Structure formats: C-alpha cells, structure tokens
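Okay, so here's the structure we're looking at.
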Amino acid sequence: MIFPELRDIQSPDLVPPELPADPSDCAVRFQALIGPRGEGSPEAFSFLVVTPGHVRRTGPLWGRGHLFVDAFDWRTVVEAIALLMAQCARPTWEEVAAELDKQLRWEFDVHRTIETEPG
C-alpha cells in the first residue's frame, strides 16, 4: 500500500506565520508537494483556501480545488491536508494521485485528461 506524504506546502500569497488582512474574508492560493512516503519525488497539488466572507463578497464558487474554512490559519490548512492524505492510501502512486486529484488540482491533471479524451 502506498501512503502519501506531505513534503512541503507553500503559498505564493503568504509566508508563515503571516495571516491575511482579514482571516475571515480571504482566498489564499497554495501548492502542496506530496509524494509516496519515504520514496520518490513529490508532485505538486494546488488548491485555494476560501472563507465564507470571501464567498459572500465575491459570489459563488465551485468546490474542486478549494478548501473551505471558517477563518484562515496555517494549522487548519496543514491538518486538512493530513486528513485528506490519510484517506488516499492506495496500491499504486497513480491511484493515490488520482484520489488526491478529486479534491486538489494535480500538476499532471491536464495531461491525464488529454490522454484519456477520445481522439
């Protein structure tokens, strides 16, 4: 069984422990580097952390690639990633990545979609 491991998490919008101006009204971009536990190179998965205040101000959002939280804080983001990864163990890395891709945006998602579309 392959277990995913968080190798790094970064935001182009914030540097830890920095917080948004209003943690209850924000949208913060993230990239998580996740790989098979103890082996191989990590792959990038991106997502947007969004608060209800941001949604009220800007309007409706779709769910995939979004983590909805009451208020932004770094600990919540890392704990949410850990909970997601705990549910994604599979027999192969490709299956793990596909499972993560259901909630996050896998860097290879576009290539996988193109390869599986009828030609």
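Residue numbering restarts at 1 for every chain of the structure tokens, chains are lettered A, B, ... in their displayed order, and ligands are numbered from 1 as they appear.
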Contact table region 18-39 of chain A vs region 66-74 of chain A, cut-off 8 Å, shortest pair per residue, only C-alpha atoms, as CSV:
residue,atom,partner,partner_atom,distance
A:Leu19,CA,A:Asp73,CA,7.0
A:Pro20,CA,A:Phe72,CA,7.7
A:Pro23,CA,A:Phe72,CA,4.8
A:Ser24,CA,A:Ala71,CA,4.3
A:Asp25,CA,A:Ala71,CA,7.4
A:Cys26,CA,A:Phe72,CA,7.5
Take the residues from that selection and put them in a file with C-alpha atoms, as a PDB file, in the first residue's frame.
ATOM      1  CA  LEU A  19      -2.020  35.947   8.038  1.00  0.00           C
ATOM      2  CA  PRO A  20      -4.304  37.665   5.529  1.00  0.00           C
ATOM      3  CA  PRO A  23      -8.613  35.855   8.075  1.00  0.00           C
ATOM      4  CA  SER A  24     -12.419  35.502   7.889  1.00  0.00           C
ATOM      5  CA  ASP A  25     -12.661  37.094   4.425  1.00  0.00           C
ATOM      6  CA  CYS A  26      -9.935  35.782   2.141  1.00  0.00           C
TER       7      CYS A  26
END
Practice prompt. Please identify all polymer residues within 8 Å of Ile34 (chain A), counting only C-alpha atoms, omitting same-chain residues fewer than 3 positions from it, and present them as a PyMOL selection string.
Written response: chain A and resi 4-8+42-45
Write the selection just made, keeping C-alpha atoms, as a PDB file, in the first residue's frame?
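Full text of result-v1.pdb as output:
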ATOM      1  CA  PRO A   4       1.030   9.868   0.576  1.00  0.00           C
ATOM      2  CA  GLU A   5       3.441  12.133   2.441  1.00  0.00           C
ATOM      3  CA  LEU A   6       3.401  15.942   2.563  1.00  0.00           C
ATOM      4  CA  ARG A   7       6.934  17.100   1.690  1.00  0.00           C
ATOM      5  CA  ASP A   8       6.287  20.844   1.568  1.00  0.00           C
ATOM      6  CA  PRO A  42       6.966  14.669  -4.835  1.00  0.00           C
ATOM      7  CA  GLU A  43       4.389  16.039  -7.235  1.00  0.00           C
ATOM      8  CA  ALA A  44       2.596  19.373  -6.995  1.00  0.00           C
ATOM      9  CA  PHE A  45      -1.046  19.703  -5.999  1.00  0.00           C
TER      10      PHE A  45
END
Practice prompt. Please run DSSP on the backbone and report, as a ChimeraX atom specification, all residues within chain A that come out as strand (DSSP E or B).
Written response: /A:2,4-10,27-36,43-50,66-68,90,105-106
Include C-alpha atoms and write out the residues we just selected as a PDB file, in the first residue's frame.
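Saved to part.pdb:
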ATOM      1  CA  ILE A   2       1.293   3.467  -0.923  1.00  0.00           C
ATOM      2  CA  PRO A   4       1.030   9.868   0.576  1.00  0.00           C
ATOM      3  CA  GLU A   5       3.441  12.133   2.441  1.00  0.00           C
ATOM      4  CA  LEU A   6       3.401  15.942   2.563  1.00  0.00           C
ATOM      5  CA  ARG A   7       6.934  17.100   1.690  1.00  0.00           C
ATOM      6  CA  ASP A   8       6.287  20.844   1.568  1.00  0.00           C
ATOM      7  CA  ILE A   9       3.446  23.337   1.486  1.00  0.00           C
ATOM      8  CA  GLN A  10       3.765  26.899   0.245  1.00  0.00           C
ATOM      9  CA  ALA A  27      -8.857  33.390  -0.592  1.00  0.00           C
ATOM     10  CA  VAL A  28      -5.274  32.109  -0.318  1.00  0.00           C
ATOM     11  CA  ARG A  29      -3.504  30.049  -3.005  1.00  0.00           C
ATOM     12  CA  PHE A  30      -1.439  27.008  -2.021  1.00  0.00           C
ATOM     13  CA  GLN A  31       0.791  24.393  -3.545  1.00  0.00           C
ATOM     14  CA  ALA A  32       1.438  21.144  -1.686  1.00  0.00           C
ATOM     15  CA  LEU A  33       4.304  18.851  -2.670  1.00  0.00           C
ATOM     16  CA  ILE A  34       3.148  15.306  -1.992  1.00  0.00           C
ATOM     17  CA  GLY A  35       4.897  12.036  -2.754  1.00  0.00           C
ATOM     18  CA  PRO A  36       4.911   8.387  -1.764  1.00  0.00           C
ATOM     19  CA  GLU A  43       4.389  16.039  -7.235  1.00  0.00           C
ATOM     20  CA  ALA A  44       2.596  19.373  -6.995  1.00  0.00           C
ATOM     21  CA  PHE A  45      -1.046  19.703  -5.999  1.00  0.00           C
ATOM     22  CA  SER A  46      -2.645  23.131  -5.827  1.00  0.00           C
ATOM     23  CA  PHE A  47      -5.720  24.455  -4.066  1.00  0.00           C
ATOM     24  CA  LEU A  48      -7.331  27.638  -2.843  1.00  0.00           C
ATOM     25  CA  VAL A  49      -8.269  28.171   0.812  1.00  0.00           C
ATOM     26  CA  VAL A  50     -11.528  30.120   0.868  1.00  0.00           C
ATOM     27  CA  HIS A  66     -10.986  24.653  -2.921  1.00  0.00           C
ATOM     28  CA  LEU A  67     -10.682  24.144   0.824  1.00  0.00           C
ATOM     29  CA  PHE A  68     -13.462  25.996   2.643  1.00  0.00           C
ATOM     30  CA  ARG A  90      -3.911   3.032  -2.471  1.00  0.00           C
ATOM     31  CA  ARG A 105      -5.511  20.056  -8.581  1.00  0.00           C
ATOM     32  CA  TRP A 106      -2.711  17.660  -9.562  1.00  0.00           C
TER      33      TRP A 106
END
Discussion item. I need the residues of chain A that end up classed as helix (DSSP H, G or I) by DSSP on the backbone, written out as a PyMOL selection string.
Written reply: chain A and resi 52-58+74-86+93-100+109-116
Once you have the residues from the selection above, write them out as a tab-separated table (two decimals), in the first residue's frame, restricted to N, CA and C atoms.
chain	number	residue	atom	x	y	z
A	52	PRO	N	-16.01	31.82	4.11
A	52	PRO	CA	-17.37	32.25	3.77
A	52	PRO	C	-17.45	33.76	3.49
A	53	GLY	N	-16.67	34.56	4.22
A	53	GLY	CA	-16.67	36.00	3.97
A	53	GLY	C	-16.27	36.33	2.55
A	54	HIS	N	-15.29	35.62	2.03
A	54	HIS	CA	-14.85	35.83	0.64
A	54	HIS	C	-15.96	35.45	-0.33
A	55	VAL	N	-16.63	34.33	-0.07
A	55	VAL	CA	-17.70	33.88	-0.96
A	55	VAL	C	-18.86	34.88	-0.93
A	56	ARG	N	-19.21	35.37	0.26
A	56	ARG	CA	-20.29	36.36	0.36
A	56	ARG	C	-19.94	37.62	-0.44
A	57	ARG	N	-18.69	38.02	-0.40
A	57	ARG	CA	-18.26	39.24	-1.07
A	57	ARG	C	-18.12	39.07	-2.58
A	58	THR	N	-17.65	37.91	-3.04
A	58	THR	CA	-17.34	37.73	-4.46
A	58	THR	C	-18.37	36.91	-5.23
A	74	TRP	N	-2.84	28.71	9.43
A	74	TRP	CA	-1.92	27.73	8.86
A	74	TRP	C	-2.18	26.33	9.39
A	75	ARG	N	-2.43	26.21	10.67
A	75	ARG	CA	-2.63	24.89	11.29
A	75	ARG	C	-3.83	24.16	10.67
A	76	THR	N	-4.91	24.88	10.45
A	76	THR	CA	-6.10	24.27	9.84
A	76	THR	C	-5.79	23.74	8.45
A	77	VAL	N	-5.04	24.49	7.68
A	77	VAL	CA	-4.69	24.06	6.31
A	77	VAL	C	-3.87	22.77	6.35
A	78	VAL	N	-2.84	22.74	7.19
A	78	VAL	CA	-1.98	21.56	7.28
A	78	VAL	C	-2.76	20.35	7.81
A	79	GLU	N	-3.61	20.57	8.79
A	79	GLU	CA	-4.43	19.47	9.33
A	79	GLU	C	-5.41	18.94	8.28
A	80	ALA	N	-5.98	19.83	7.47
A	80	ALA	CA	-6.90	19.39	6.42
A	80	ALA	C	-6.19	18.55	5.37
A	81	ILE	N	-4.98	18.95	5.00
A	81	ILE	CA	-4.18	18.16	4.05
A	81	ILE	C	-3.87	16.79	4.64
A	82	ALA	N	-3.48	16.76	5.91
A	82	ALA	CA	-3.17	15.48	6.57
A	82	ALA	C	-4.38	14.56	6.59
A	83	LEU	N	-5.55	15.10	6.90
A	83	LEU	CA	-6.78	14.28	6.90
A	83	LEU	C	-7.10	13.75	5.51
A	84	LEU	N	-6.93	14.59	4.50
A	84	LEU	CA	-7.18	14.14	3.13
A	84	LEU	C	-6.21	13.03	2.75
A	85	MET	N	-4.92	13.22	3.03
A	85	MET	CA	-3.92	12.21	2.67
A	85	MET	C	-4.18	10.88	3.38
A	86	ALA	N	-4.65	10.94	4.62
A	86	ALA	CA	-4.93	9.71	5.38
A	86	ALA	C	-6.01	8.86	4.70
A	93	TRP	N	1.04	4.58	-6.69
A	93	TRP	CA	1.11	6.04	-6.60
A	93	TRP	C	0.10	6.69	-7.55
A	94	GLU	N	-0.07	6.14	-8.73
A	94	GLU	CA	-1.02	6.70	-9.69
A	94	GLU	C	-2.43	6.73	-9.10
A	95	GLU	N	-2.81	5.67	-8.38
A	95	GLU	CA	-4.12	5.64	-7.74
A	95	GLU	C	-4.21	6.65	-6.59
A	96	VAL	N	-3.12	6.80	-5.84
A	96	VAL	CA	-3.08	7.80	-4.76
A	96	VAL	C	-3.25	9.20	-5.35
A	97	ALA	N	-2.47	9.50	-6.39
A	97	ALA	CA	-2.52	10.83	-7.01
A	97	ALA	C	-3.91	11.09	-7.60
A	98	ALA	N	-4.52	10.09	-8.21
A	98	ALA	CA	-5.86	10.26	-8.77
A	98	ALA	C	-6.88	10.54	-7.66
A	99	GLU	N	-6.70	9.91	-6.52
A	99	GLU	CA	-7.59	10.13	-5.38
A	99	GLU	C	-7.40	11.56	-4.83
A	100	LEU	N	-6.16	12.00	-4.69
A	100	LEU	CA	-5.89	13.37	-4.25
A	100	LEU	C	-6.46	14.38	-5.25
A	109	ASP	N	-2.86	16.70	-14.02
A	109	ASP	CA	-4.27	16.50	-14.33
A	109	ASP	C	-4.59	16.84	-15.78
A	110	VAL	N	-4.06	17.93	-16.30
A	110	VAL	CA	-4.33	18.34	-17.68
A	110	VAL	C	-3.82	17.28	-18.65
A	111	HIS	N	-2.61	16.77	-18.41
A	111	HIS	CA	-2.04	15.76	-19.29
A	111	HIS	C	-2.86	14.47	-19.25
A	112	ARG	N	-3.31	14.09	-18.06
A	112	ARG	CA	-4.09	12.87	-17.91
A	112	ARG	C	-5.43	13.01	-18.63
A	113	THR	N	-6.07	14.18	-18.55
A	113	THR	CA	-7.34	14.41	-19.21
A	113	THR	C	-7.19	14.35	-20.71
A	114	ILE	N	-6.15	14.97	-21.25
A	114	ILE	CA	-5.91	14.97	-22.69
A	114	ILE	C	-5.67	13.55	-23.19
A	115	GLU	N	-4.91	12.77	-22.45
A	115	GLU	CA	-4.59	11.41	-22.86
A	115	GLU	C	-5.81	10.51	-22.86
A	116	THR	N	-6.81	10.77	-22.01
A	116	THR	CA	-7.96	9.89	-21.90
A	116	THR	C	-9.15	10.35	-22.74
Worksheet item: Expressed in Å to a single decimal, how great is the separation between CA of Met1 (chain A) and CA of Thr92 (chain A)?
Response: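 Atom-to-atom, CA of Met1 (chain A) and CA of Thr92 (chain A) are spaced 7.0 Å apart.
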